[in-house]
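A.B. asks: To be precise about what I am sending: the file is called protein.cif and holds mmCIF, C-alpha atoms.
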data_model
#
loop_
_atom_site.label_atom_id
_atom_site.label_comp_id
_atom_site.auth_asym_id
_atom_site.auth_seq_id
_atom_site.Cartn_x
_atom_site.Cartn_y
_atom_site.Cartn_z
CA MET A 1 271.41 68.10 72.46
CA PRO A 2 268.36 66.58 70.70
CA ARG A 3 267.90 67.28 67.01
CA VAL A 4 264.45 68.66 67.88
CA ALA A 5 263.02 69.52 71.27
CA ALA A 6 259.55 70.87 72.10
CA THR A 7 258.85 72.23 75.58
CA ASP A 8 255.39 72.85 77.08
CA LEU A 9 254.07 73.21 73.54
CA SER A 10 250.53 74.38 72.88
CA PHE A 11 248.62 75.42 69.79
CA VAL A 12 245.16 76.93 69.34
CA TYR A 13 243.57 77.13 65.89
CA PRO A 14 241.52 80.17 64.84
CA GLY A 15 238.11 79.89 66.47
CA GLY A 16 239.56 78.75 69.77
CA VAL A 17 240.06 75.04 69.05
CA GLN A 18 242.98 73.86 71.16
CA ALA A 19 244.92 71.17 69.32
CA LEU A 20 247.86 70.83 71.71
CA GLY A 21 248.33 71.62 75.36
CA GLY A 22 251.55 71.24 77.35
CA VAL A 23 253.39 68.80 75.07
CA ASP A 24 257.04 67.92 75.70
CA PHE A 25 258.69 66.05 72.84
CA PHE A 26 262.17 65.34 71.50
CA LEU A 27 263.92 63.62 68.60
CA GLU A 28 267.50 62.42 68.95
CA ARG A 29 270.12 62.07 66.25
CA GLY A 30 269.92 58.63 64.60
CA GLU A 31 266.49 57.83 66.08
CA VAL A 32 263.24 56.65 64.51
CA VAL A 33 260.13 57.71 66.42
CA ALA A 34 256.55 56.74 65.59
CA LEU A 35 253.85 59.22 66.60
CA VAL A 36 250.53 57.40 67.00
CA GLY A 37 247.08 58.07 68.36
CA PRO A 38 243.44 58.45 67.28
CA ASN A 39 242.32 60.99 64.69
CA GLY A 40 242.18 64.48 66.14
CA SER A 41 244.73 63.75 68.87
CA GLY A 42 247.16 66.43 67.67
CA LYS A 43 249.71 64.32 65.79
CA SER A 44 249.75 66.36 62.57
CA THR A 45 249.64 69.66 64.45
CA LEU A 46 252.73 68.64 66.42
CA ALA A 47 254.49 67.50 63.23
CA ARG A 48 253.86 70.86 61.53
CA LEU A 49 255.05 72.79 64.57
CA LEU A 50 258.37 70.95 64.52
CA ASN A 51 259.46 72.52 61.23
CA GLY A 52 257.68 75.85 61.46
CA LEU A 53 254.73 75.21 59.18
CA LEU A 54 252.82 76.33 62.27
CA LEU A 55 254.13 78.51 65.08
CA PRO A 56 253.16 77.70 68.68
CA THR A 57 250.75 79.74 70.73
CA GLY A 58 252.61 78.61 73.85
CA GLY A 59 255.90 76.94 74.69
CA GLU A 60 258.68 76.56 72.15
CA VAL A 61 260.36 74.30 69.60
CA ARG A 62 264.13 74.23 69.13
CA VAL A 63 266.00 72.61 66.23
CA GLU A 64 269.66 71.93 67.01
CA GLY A 65 269.25 74.45 69.82
CA VAL A 66 267.82 77.19 67.55
CA LYS A 67 264.36 78.45 68.47
CA VAL A 68 261.72 78.08 65.76
CA GLU A 69 260.42 81.59 65.13
CA PRO A 70 259.84 83.81 62.09
CA ALA A 71 263.50 84.92 61.95
CA SER A 72 264.81 81.33 61.84
CA LEU A 73 262.22 79.65 59.59
CA ALA A 74 264.35 79.51 56.42
CA TRP A 75 267.17 77.78 58.30
CA VAL A 76 264.81 75.49 60.24
CA ARG A 77 263.09 74.24 57.08
CA ARG A 78 266.45 73.29 55.57
CA GLN A 79 267.12 71.17 58.64
CA VAL A 80 263.65 69.67 59.09
CA ALA A 81 261.95 68.30 55.97
CA TYR A 82 258.21 67.61 56.13
CA VAL A 83 256.22 65.37 53.79
CA GLY A 84 252.46 65.36 54.33
CA PRO A 85 249.67 62.93 53.46
CA ASN A 86 248.77 64.58 50.12
CA PRO A 87 251.77 64.25 47.77
CA ALA A 88 250.21 66.49 45.10
CA ASN A 89 250.56 69.43 47.51
CA ALA A 90 254.32 68.95 47.61
CA VAL A 91 254.87 68.99 43.83
CA VAL A 92 256.37 72.24 42.53
CA ALA A 93 257.69 71.21 39.09
CA PRO A 94 256.05 69.23 36.28
CA VAL A 95 258.75 66.59 35.74
CA VAL A 96 259.95 64.11 38.37
CA GLU A 97 263.66 64.95 38.32
CA GLU A 98 262.97 68.69 38.13
CA ASP A 99 260.74 68.47 41.17
CA THR A 100 263.40 66.48 43.05
CA ALA A 101 266.01 69.11 42.14
CA PHE A 102 263.91 72.08 43.24
CA GLY A 103 264.93 72.07 46.92
CA PRO A 104 268.69 71.52 46.41
CA GLY A 105 268.58 74.11 43.63
CA ASN A 106 267.71 76.74 46.23
CA LEU A 107 270.70 75.92 48.46
CA ASP A 108 273.46 77.53 46.34
CA LEU A 109 274.96 74.13 45.59
CA ALA A 110 277.21 73.34 42.66
CA PRO A 111 275.38 71.74 39.68
CA GLU A 112 277.26 68.47 40.09
CA GLU A 113 276.23 68.29 43.77
CA ILE A 114 272.59 68.88 42.84
CA ARG A 115 272.86 66.13 40.23
CA ARG A 116 274.38 63.74 42.78
CA ARG A 117 271.61 64.41 45.28
CA VAL A 118 268.86 64.03 42.69
CA ASP A 119 270.27 60.78 41.32
CA ARG A 120 270.63 59.29 44.79
CA ALA A 121 267.15 60.37 45.91
CA LEU A 122 265.54 58.95 42.77
CA ALA A 123 267.43 55.68 43.20
CA ASP A 124 266.50 55.45 46.89
CA THR A 125 262.80 55.89 46.11
CA GLY A 126 262.78 53.63 43.03
CA LEU A 127 262.09 56.47 40.60
CA THR A 128 265.19 56.44 38.38
CA GLU A 129 263.30 55.05 35.39
CA LEU A 130 260.57 57.67 35.85
CA ALA A 131 262.92 60.65 36.07
CA ARG A 132 261.63 62.31 32.87
CA ARG A 133 257.96 61.50 33.45
CA GLU A 134 255.41 64.21 34.18
CA VAL A 135 254.26 63.97 37.78
CA ARG A 136 250.59 64.50 36.89
CA PHE A 137 250.53 61.21 34.96
CA LEU A 138 251.86 59.15 37.88
CA SER A 139 249.81 57.09 40.31
CA GLY A 140 249.14 58.35 43.81
CA GLY A 141 251.78 55.99 45.20
CA GLN A 142 254.36 57.16 42.68
CA GLN A 143 253.57 60.79 43.48
CA ALA A 144 254.12 60.02 47.16
CA ARG A 145 257.57 58.69 46.27
CA VAL A 146 258.29 61.87 44.28
CA ALA A 147 257.52 63.92 47.39
CA LEU A 148 259.83 61.69 49.43
CA ALA A 149 262.59 62.03 46.84
CA GLY A 150 262.37 65.81 47.02
CA ALA A 151 262.73 65.69 50.80
CA LEU A 152 265.66 63.26 50.69
CA ALA A 153 267.49 65.39 48.12
CA MET A 154 267.60 68.19 50.70
CA GLU A 155 269.66 65.87 52.96
CA PRO A 156 267.93 67.22 56.08
CA ALA A 157 268.93 66.54 59.67
CA VAL A 158 265.32 65.61 60.47
CA LEU A 159 262.66 64.06 58.24
CA ILE A 160 258.99 64.08 59.21
CA LEU A 161 256.61 61.77 57.34
CA ASP A 162 253.03 62.69 58.22
CA GLU A 163 251.11 59.69 56.86
CA ALA A 164 253.31 60.16 53.79
CA THR A 165 253.58 56.43 53.03
CA ALA A 166 249.86 55.72 53.38
CA MET A 167 249.37 55.60 49.58
CA LEU A 168 252.21 53.15 49.02
CA ASP A 169 251.63 49.43 48.63
CA PRO A 170 253.19 47.30 51.40
CA ARG A 171 256.23 46.35 49.31
CA SER A 172 257.00 49.96 48.30
CA ARG A 173 256.45 51.12 51.87
CA GLY A 174 258.89 48.52 53.16
CA LEU A 175 261.53 49.48 50.59
CA VAL A 176 261.24 53.21 51.35
CA LEU A 177 261.43 52.63 55.10
CA ALA A 178 264.50 50.43 54.62
CA VAL A 179 266.17 53.26 52.68
CA LEU A 180 265.31 55.73 55.42
CA ARG A 181 266.69 53.37 58.04
CA ARG A 182 270.02 53.38 56.16
CA GLN A 183 269.94 57.20 56.21
CA VAL A 184 269.34 57.08 59.95
CA ARG A 185 272.38 54.84 60.44
CA ARG A 186 274.66 56.49 57.87
CA ARG A 187 273.95 60.18 58.44
CA GLY A 188 272.40 60.30 61.88
CA LEU A 189 269.05 61.33 60.37
CA ALA A 190 266.27 61.75 62.92
CA LEU A 191 263.06 60.27 61.49
CA LEU A 192 259.53 60.93 62.74
CA LEU A 193 256.73 58.74 61.40
CA VAL A 194 253.19 60.01 62.01
CA THR A 195 251.28 56.83 61.35
CA HIS A 196 248.28 54.59 61.96
CA ASP A 197 250.14 51.57 60.54
CA PRO A 198 251.30 49.13 63.25
CA ALA A 199 253.98 47.73 60.93
CA GLU A 200 255.53 51.20 60.58
CA ALA A 201 255.31 51.78 64.32
CA ALA A 202 256.93 48.40 64.94
CA ALA A 203 260.00 49.54 62.96
CA ALA A 204 260.53 52.56 65.23
CA ASP A 205 262.96 52.81 68.12
CA ARG A 206 260.37 54.62 70.23
CA VAL A 207 256.61 55.15 70.06
CA VAL A 208 254.93 58.30 71.38
CA VAL A 209 251.16 58.19 71.93
CA MET A 210 249.04 61.33 71.47
CA LYS A 211 245.56 61.75 72.93
CA ALA A 212 243.46 64.91 73.18
CA GLY A 213 246.42 67.14 72.39
CA ARG A 214 248.84 65.60 74.85
CA ALA A 215 251.65 63.05 74.74
CA VAL A 216 250.36 60.46 77.18
CA ARG A 217 252.70 57.51 76.79
CA GLU A 218 256.00 56.54 75.19
CA GLY A 219 258.37 53.62 75.03
CA PRO A 220 259.53 50.72 72.82
CA PRO A 221 256.93 49.54 70.29
CA ALA A 222 256.34 46.17 71.93
CA GLY A 223 255.66 47.80 75.28
CA VAL A 224 253.31 50.50 73.95
CA LEU A 225 251.37 48.69 71.22
CA ASP A 226 250.57 45.70 73.39
CA GLY A 227 246.85 45.49 72.68
CA THR A 228 245.75 47.06 75.97
CA ASP A 229 244.73 50.44 74.51
CA PRO A 230 241.54 50.28 72.38
CA ASP A 231 242.54 53.48 70.54
CA LEU A 232 245.78 52.00 69.21
CA PRO A 233 246.37 49.19 66.71
CA PRO A 234 248.39 46.46 68.42
CA LEU A 235 251.48 44.95 66.87
CA PRO A 236 250.62 41.70 65.08
CA LEU A 237 252.66 39.63 67.54
CA ALA A 238 251.03 41.32 70.52
CA GLU A 239 247.57 40.65 69.08
CA LEU A 240 248.46 37.00 68.50
CA ALA A 241 249.85 36.73 72.03
CA ARG A 242 246.61 38.16 73.43
CA HIS A 243 244.51 35.54 71.64
CA LEU A 244 246.83 32.74 72.79
CA ALA A 245 246.59 33.99 76.38
CA VAL A 246 242.78 33.99 76.15
CA ALA A 247 243.04 30.37 74.97
CA GLY A 248 244.90 29.51 78.17
CA MET A 249 248.51 29.54 76.98
CA ASP A 250 251.28 31.02 79.09
CA VAL A 251 252.84 33.53 76.65
CA PRO A 252 254.50 36.95 77.02
CA SER A 253 252.08 39.86 76.63
CA ALA A 254 254.44 41.91 74.44
CA PRO A 255 256.79 39.61 72.52
CA ARG A 256 259.50 41.44 70.55
CA ARG A 257 260.20 38.64 68.06
CA ALA A 258 258.32 35.74 66.56
CA GLY A 259 260.91 33.36 68.02
CA GLU A 260 260.10 34.55 71.55
CA LEU A 261 256.43 33.77 71.07
CA ALA A 262 257.16 30.43 69.39
CA ALA A 263 259.44 29.41 72.25
CA ALA A 264 256.72 30.19 74.77
CA VAL A 265 254.15 28.17 72.82
CA TRP A 266 256.31 25.19 71.95
CA GLY A 267 259.09 25.25 74.53
CA GLY A 268 257.32 23.08 77.05
CA ARG A 269 256.34 20.38 74.57
CA SER A 270 258.35 17.24 74.17
CA GLY A 271 260.61 17.24 71.13
CA CYS A 272 260.09 20.94 70.42
CA ALA A 273 262.55 23.83 70.94
#
Re-express the file's structure as structure tokens.
C.D. replies:
Amino acid sequence: MPRVAATDLSFVYPGGVQALGGVDFFLERGEVVALVGPNGSGKSTLARLLNGLLLPTGGEVRVEGVKVEPASLAWVRRQVAYVGPNPANAVVAPVVEEDTAFGPGNLDLAPEEIRRRVDRALADTGLTELARREVRFLSGGQQARVALAGALAMEPAVLILDEATAMLDPRSRGLVLAVLRRQVRRRGLALLLVTHDPAEAAAADRVVVMKAGRAVREGPPAGVLDGTDPDLPPLPLAELARHLAVAGMDVPSAPRRAGELAAAVWGGRSGCA
């Protein structure tokens, strides 16, 4: 059973604007999925439907087999954590460690378990030294990490990051994604990245492409972000391969590793491997 499964999902905003129509989507245990597509394609709407921030106007979402509906929302939101693009909206307490403890504090956990979760989440997001700082005095990137720490402290089955790393510098983004990857391996976390960043998409196991409210394509990153779709940012290696092909070189169109591309470029030359 998938961690999350959406079937024939549709959503219409007040005023009659249809954001989604007939979307099927799933997230497996221990999987990282990147959701990509142009602005207005329905990515964020789908992300919010998956944890009950929005309820569908058609079709259904199930989390661990449980239908997302008003009666199940409290349980669903403990299983599926959502972090959006504006970290200030996720802050509920003035001090970093207090904000991180807010979610676990509402789960009837023992104080020592709350402390363990908070300490681990702060360490994983590089915030240990800022634990007693007021959130309002932090930079936008630091506030984004506070929001991530709060989500991690809940130890959810599914984590949705809706452009949540956009305010992080490349180094911080890489460190946070590495931590999340460990959570995926260690706990079977299912991770959904709503992103425009090709580097984030490249780190996923699967890429799902949204256009005009529908999921139109999916597959491994190298096969999807191959530079053939003008609405999607290609992976750096795919973009390089495209330019080399235009220059007359016989190279793979969607190389998975730099070594594969280098072998194609240099393999036929004397003295080169």
A.B. asks: Between A:Glu129, A:Ala34, A:Leu180, A:Ala74, which one has atoms that come closest to Glu200 of chain A, using only C-alpha atoms?
C.D. replies: A:Ala34
A.B. asks: What's the separation between atom CA of Gly21 of chain A and atom CA of Thr228 of chain A, in Å to one decimal place?
C.D. replies: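 Taking atom CA of Gly21 of chain A as the start and atom CA of Thr228 of chain A as the end point, the length is 24.7 Å.
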A.B. asks: What do you get, as a PyMOL selection string, if you spell out every residue that the PyMOL selection byres ((chain A and resi 143) around 12) selects here?
C.D. replies: chain A and resi 83-92+94-96+99-100+125-127+130-131+133-142+144-150+164-168
A.B. asks: Between A:Glu97, A:Asp8, A:Glu155, A:Asp226, which one has atoms that come closest to Thr57 of chain A, using all atoms listed in the file?
C.D. replies: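 The closest residue to Thr57 of chain A is A:Asp8.
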A.B. asks: Name all residues at most 12 Å from Ala204 of chain A (count all atoms listed in the file; drop same-chain ones fewer than 6 positions away) and give them as a list of chain:residue names.
C.D. replies: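 Close residues of Ala204 of chain A: A:Gly30, A:Glu31, A:Val32, A:Val33, A:Ala34, A:Leu35, A:Val36, A:Leu177, A:Ala178, A:Leu180, A:Arg181, A:Val184, A:Ala190, A:Leu191, A:Leu192, A:Leu193, A:Val194, A:Thr195, A:Asp197, A:Pro198, A:Glu218, A:Gly219, A:Pro220, A:Pro221, A:Ala222, A:Val224, A:Leu225, A:Leu235.
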A.B. asks: For atom CA of Gly22 of chain A and atom CA of Arg214 of chain A, quote the distance in Å rounded to one decimal.
C.D. replies: 6.7 Å
A.B. asks: Applied to this file, what does the PyMOL selection byres ((chain A and resi 73) around 12) return in terms of residues, put as a list in words?
C.D. replies: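 In the shown coordinates, the PyMOL selection byres ((chain A and resi 73) around 12) covers Leu49, Leu50, Asn51, Gly52, Leu53, Leu54, Leu55, Val61, Arg62, Val63, Val66, Lys67, Val68, Glu69, Pro70, Ala71, Ser72, Ala74, Trp75, Val76, Arg77, Arg78, Gln79, Val80 and Ala81 of chain A.
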A.B. asks: Of the residues A:Leu109, A:Ala121, A:Met1, A:Val209, which is the one nearest to Val23 of chain A, using only C-alpha atoms?
C.D. replies: A:Val209
A.B. asks: Can you measure atom CA of Asp24 of chain A to atom CA of Lys43 of chain A for me? One decimal in Å is fine.
C.D. replies: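 According to the coordinates, atom CA of Asp24 of chain A and atom CA of Lys43 of chain A are separated by 12.8 Å.
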A.B. asks: Looking at all atoms listed in the file, which of A:Arg48, A:His196, A:Arg217, A:Arg29 is the one that sits closest to Pro2 of chain A?
C.D. replies: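 Using all atoms listed in the file, the shortest distance to Pro2 of chain A belongs to A:Arg29.
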A.B. asks: Using the chain letters and numbers from the file, give me the residues hit by the PyMOL selection byres ((chain A and resi 118) around 10), as a ChimeraX atom specification.
C.D. replies: /A:96-104,112-117,119-124,128,131,149-150,152-154
A.B. asks: Let me make sure I understand: among A:Gly174, A:Gly213, A:Gly223, A:Pro56, which one has the smallest atom-to-atom distance to Ala199 of chain A if we use all atoms listed in the file?
C.D. replies: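 Selected residue with least distance to Ala199 of chain A: A:Gly174.
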A.B. asks: Every residue with an atom at most 10 Å from (243.2, 72.6, 71.0) (file coordinates; all atoms listed in the file) is what I'm after, so could you write them as a list in words?
C.D. replies: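 Output of the proximity query reads Ser10, Phe11, Val12, Tyr13, Pro14, Gly15, Gly16, Val17, Gln18, Ala19, Leu20, Gly21, Gly40, Ser41, Gly42, Thr45, Ala212, Gly213 and Arg214 of chain A.
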